[in-house]
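Worksheet: one structure, shown below.
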Amino acid sequence: MRMSRRSLLAAGTAAAALTPLPAGAAVPATAPGSRLRTGFERLAAAGYSRLGGGRVGVVTNPTGVTRDVRHIVDVMHADARVDLVAVFGPEHGFRGTAQAGGSEGRHEDPATGLPVYDTYSKSGQPLADIFTASGVDTVVFDIQDVGARFYTYIWTLYDCMEAARLAGKRFVVLDRPNPVTGRSARGPVLHREFATFVGRQPIAQAHGMTVAELARLFNGEYLAAPVELDTVPMSGWRRADFYDSSGLPWVPPSPNMPTADTALVYSGTCLFEGTNLSEGRGTTRPFELLGAAGVDGRWAAAAGELGLPGVHFREAYFAPTFSKFQGTTIGGVQIHVHDRAAYDPVRTGIALLVTARKVWSGFAWRSDDWIDKLTGSTLVRTMIDAGAGTDEVVAAWQDELAAFRRVREHYLIYK
């Protein structure tokens, strides 16, 4: 029988004992300064008992590390208490050797000798067949997310949950912080007719959830039927915490996400992938530097006049080493966030699109309307083309965002 979100709302806070938390139950707040413990740290501290003694496979990438930057696959492989038999690599690969849109393929991991299966661009029964062929009983997921709907690892999570259900496997999610906090969901909500690998289901552009919370949401609302799901929450994390309060090392989740500062702006400025402007790929500040040939200081001035909270805009010139405008010096803006708590990345991204279109005659959307896939509908593109201002565009998605927030609330773990 399909589980609705309301059937998952039993109360209780058993995280400290590492028993499963029902959806809607909150991990008690921890005193400031207390050490955060990731899902993996808590799993290991409990002797891996949550894995049930079966054959285990891990979906992970370079971010699946301990606080002393040992990879959890290496740690588990060396521990006799875990029967680790397979690794599953997402976009960019298990060890992170591939650029955007790439993977490492099927191979044997040189460090452990474990078979590594490629999950990138696979879903449904073909992915279920990979889980079956690997011989695992339990699939474990441990990847650092960045809080944006179009960051593909959360859809790797979704696809792997669905495939595990089809293959009859247990699924365990080890939680990590949302690096840009979990205070609130922001931005437009995906319309299902625009579903792609940068958005499978109707969630907000900046979802404000952790991967364990998303897993509960997916299981309760969106999978064809629930998978046998277990989540291992963190301890010591609060919804208002930014990544630098975690005490954890930052490992780039993908080649163009070098710092937690990148994640802070990404849910807004990744929208420039849907335009003919550079989103800063090929620079040391991807998604913080934006520009194009022919853009000048008028853009930074126009953006600055809006008085957006928490952010300044600097006229900037740069030459990307790859991607758009490779080797060409171009003009644009650099985003400087000076008050993270006040900063709204999605509103800022919309404001930058609106002002870029006004001050630069060369502005254009990508010919494939990729912007619609990123924003989740035609709303943003058509409103900006019609001359709407930032406030008008943002106001247009508030009803659907409010509806998503109501659903989201039932699956939050932390206070």
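Labels for the structure tokens follow display order: chains A, B, ..., residues from 1 in each chain, ligands from 1.
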With a cut-off of 10 Å, could you pull out the residues of stretch 111-202 of chain A touching stretch 376-398 of chain A and give me the nearest pair of atoms for each, distance in Å to one decimal, using only C-alpha atoms, ordered by chain and ascending number, as a Markdown table?
| residue | atom | partner | partner_atom | distance |
| --- | --- | --- | --- | --- |
| A:Arg149 | CA | A:Gly376 | CA | 9.4 |
| A:Phe150 | CA | A:Gly376 | CA | 9.4 |
| A:Arg186 | CA | A:Gln398 | CA | 9.0 |
| A:Gly187 | CA | A:Trp397 | CA | 7.2 |
| A:Pro188 | CA | A:Trp397 | CA | 5.3 |
| A:Val189 | CA | A:Gly376 | CA | 6.3 |
| A:Leu190 | CA | A:Gly376 | CA | 3.9 |
| A:His191 | CA | A:Gly376 | CA | 5.5 |
| A:Arg192 | CA | A:Gly376 | CA | 8.0 |
| A:Glu193 | CA | A:Ser377 | CA | 8.1 |
| A:Phe194 | CA | A:Gly376 | CA | 5.8 |
| A:Ala195 | CA | A:Gly376 | CA | 7.5 |
| A:Thr196 | CA | A:Gly376 | CA | 9.4 |
| A:Val198 | CA | A:Gly376 | CA | 9.2 |
| A:Gly199 | CA | A:Gly376 | CA | 7.5 |
| A:Arg200 | CA | A:Gly376 | CA | 9.8 |
| A:Gln201 | CA | A:Gly376 | CA | 9.5 |
| A:Pro202 | CA | A:Gly376 | CA | 8.2 |
Output file for the residues above (C-alpha atoms, as a PDB file, in the first residue's frame):
ATOM      1  CA  ARG A 149      16.878  21.500  -7.167  1.00  0.00           C
ATOM      2  CA  PHE A 150      19.011  21.359 -10.300  1.00  0.00           C
ATOM      3  CA  ARG A 186      12.717  29.498  -1.988  1.00  0.00           C
ATOM      4  CA  GLY A 187      12.025  29.932  -5.667  1.00  0.00           C
ATOM      5  CA  PRO A 188       9.693  28.437  -8.266  1.00  0.00           C
ATOM      6  CA  VAL A 189       8.457  24.869  -7.995  1.00  0.00           C
ATOM      7  CA  LEU A 190       9.020  22.441 -10.865  1.00  0.00           C
ATOM      8  CA  HIS A 191       6.040  21.668 -13.095  1.00  0.00           C
ATOM      9  CA  ARG A 192       6.051  17.967 -13.913  1.00  0.00           C
ATOM     10  CA  GLU A 193       5.952  18.480 -17.686  1.00  0.00           C
ATOM     11  CA  PHE A 194       9.431  20.020 -17.362  1.00  0.00           C
ATOM     12  CA  ALA A 195      10.924  17.063 -15.487  1.00  0.00           C
ATOM     13  CA  THR A 196      14.519  16.185 -16.430  1.00  0.00           C
ATOM     14  CA  VAL A 198      17.952  18.625 -13.237  1.00  0.00           C
ATOM     15  CA  GLY A 199      14.508  18.229 -11.648  1.00  0.00           C
ATOM     16  CA  ARG A 200      12.497  15.026 -11.464  1.00  0.00           C
ATOM     17  CA  GLN A 201       9.720  16.112  -9.094  1.00  0.00           C
ATOM     18  CA  PRO A 202       7.901  19.320  -7.992  1.00  0.00           C
TER      19      PRO A 202
END
Taking the DSSP assignment computed from this structure's backbone, write out as an MDAnalysis selection string all residues of stretch 135-311 of chain A that belong to alpha helix (DSSP H).
chainID A and resid 153:167 211:217 260:269 298:304
Stretch 241-254 of chain A environment, 6 Å, only C-alpha atoms, sequence neighbours closer than 6 positions dropped, as a list in words
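Those residues are Leu36, Thr63, Arg67, Pro179, Val180 and Thr181 of chain A.
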For A:Val172, list every protein, DNA or RNA residue within 7 Å, evaluated using only C-alpha atoms, and leave out those in the same chain fewer than 4 positions away; present the list as a PyMOL selection string.
chain A and resi 139-141+229-231
Report, in Å with one decimal, the straight-line distance from atom CA of A:Gly327 to atom CA of A:Gly291.
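Separation of atom CA of A:Gly327 and atom CA of A:Gly291: 13.3 Å.
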I'd like to know which of A:Asp68, A:Asp145, A:Asp137, A:Glu305 is closest to A:Glu228, using only C-alpha atoms.
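Closest to A:Glu228 of all the choices is A:Asp137.
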Which residues, written as a list in words, have at least one atom at most 8 Å from A:Glu315, with only C-alpha atoms counted and residues fewer than 4 positions away on the same chain left out?
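Once the adjacent positions are removed, what remains is Asp296, Gly297, Trp299, Ala300, Ala301, Gly331, Gly332, Val333 and Gln334 of chain A.
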I'd like the contact shell of A:Leu223 - 12 Å cut-off, only C-alpha atoms, skipping same-chain residues fewer than 3 positions apart - returned as a list in words.
Arg2, Met3, Ser4, Arg5, Gly124, Trp155, Leu157, Tyr158, Asp159, Cys160, Met161, Glu162, Ala163, Ala164, Arg165, Leu166, Arg200, Gln201, Leu214, Ala215, Arg216, Leu217, Phe218, Asn219, Gly220, Pro226, Val227, Glu228 and Leu229 of chain A
Give me, as a PyMOL selection string, all polymer residues having an atom no more than 10 Å from A:Asp369, counting only C-alpha atoms and skipping those fewer than 4 positions away in the same chain.
chain A and resi 274-275+365+373-374+378+381
From the set A:Gly208, A:Gly307, A:Gly268, A:Gly57, which residue has the shortest atom-to-atom contact distance to A:His77, counting only C-alpha atoms?
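Looking at the shortest contact to A:His77, the residue is A:Gly57.
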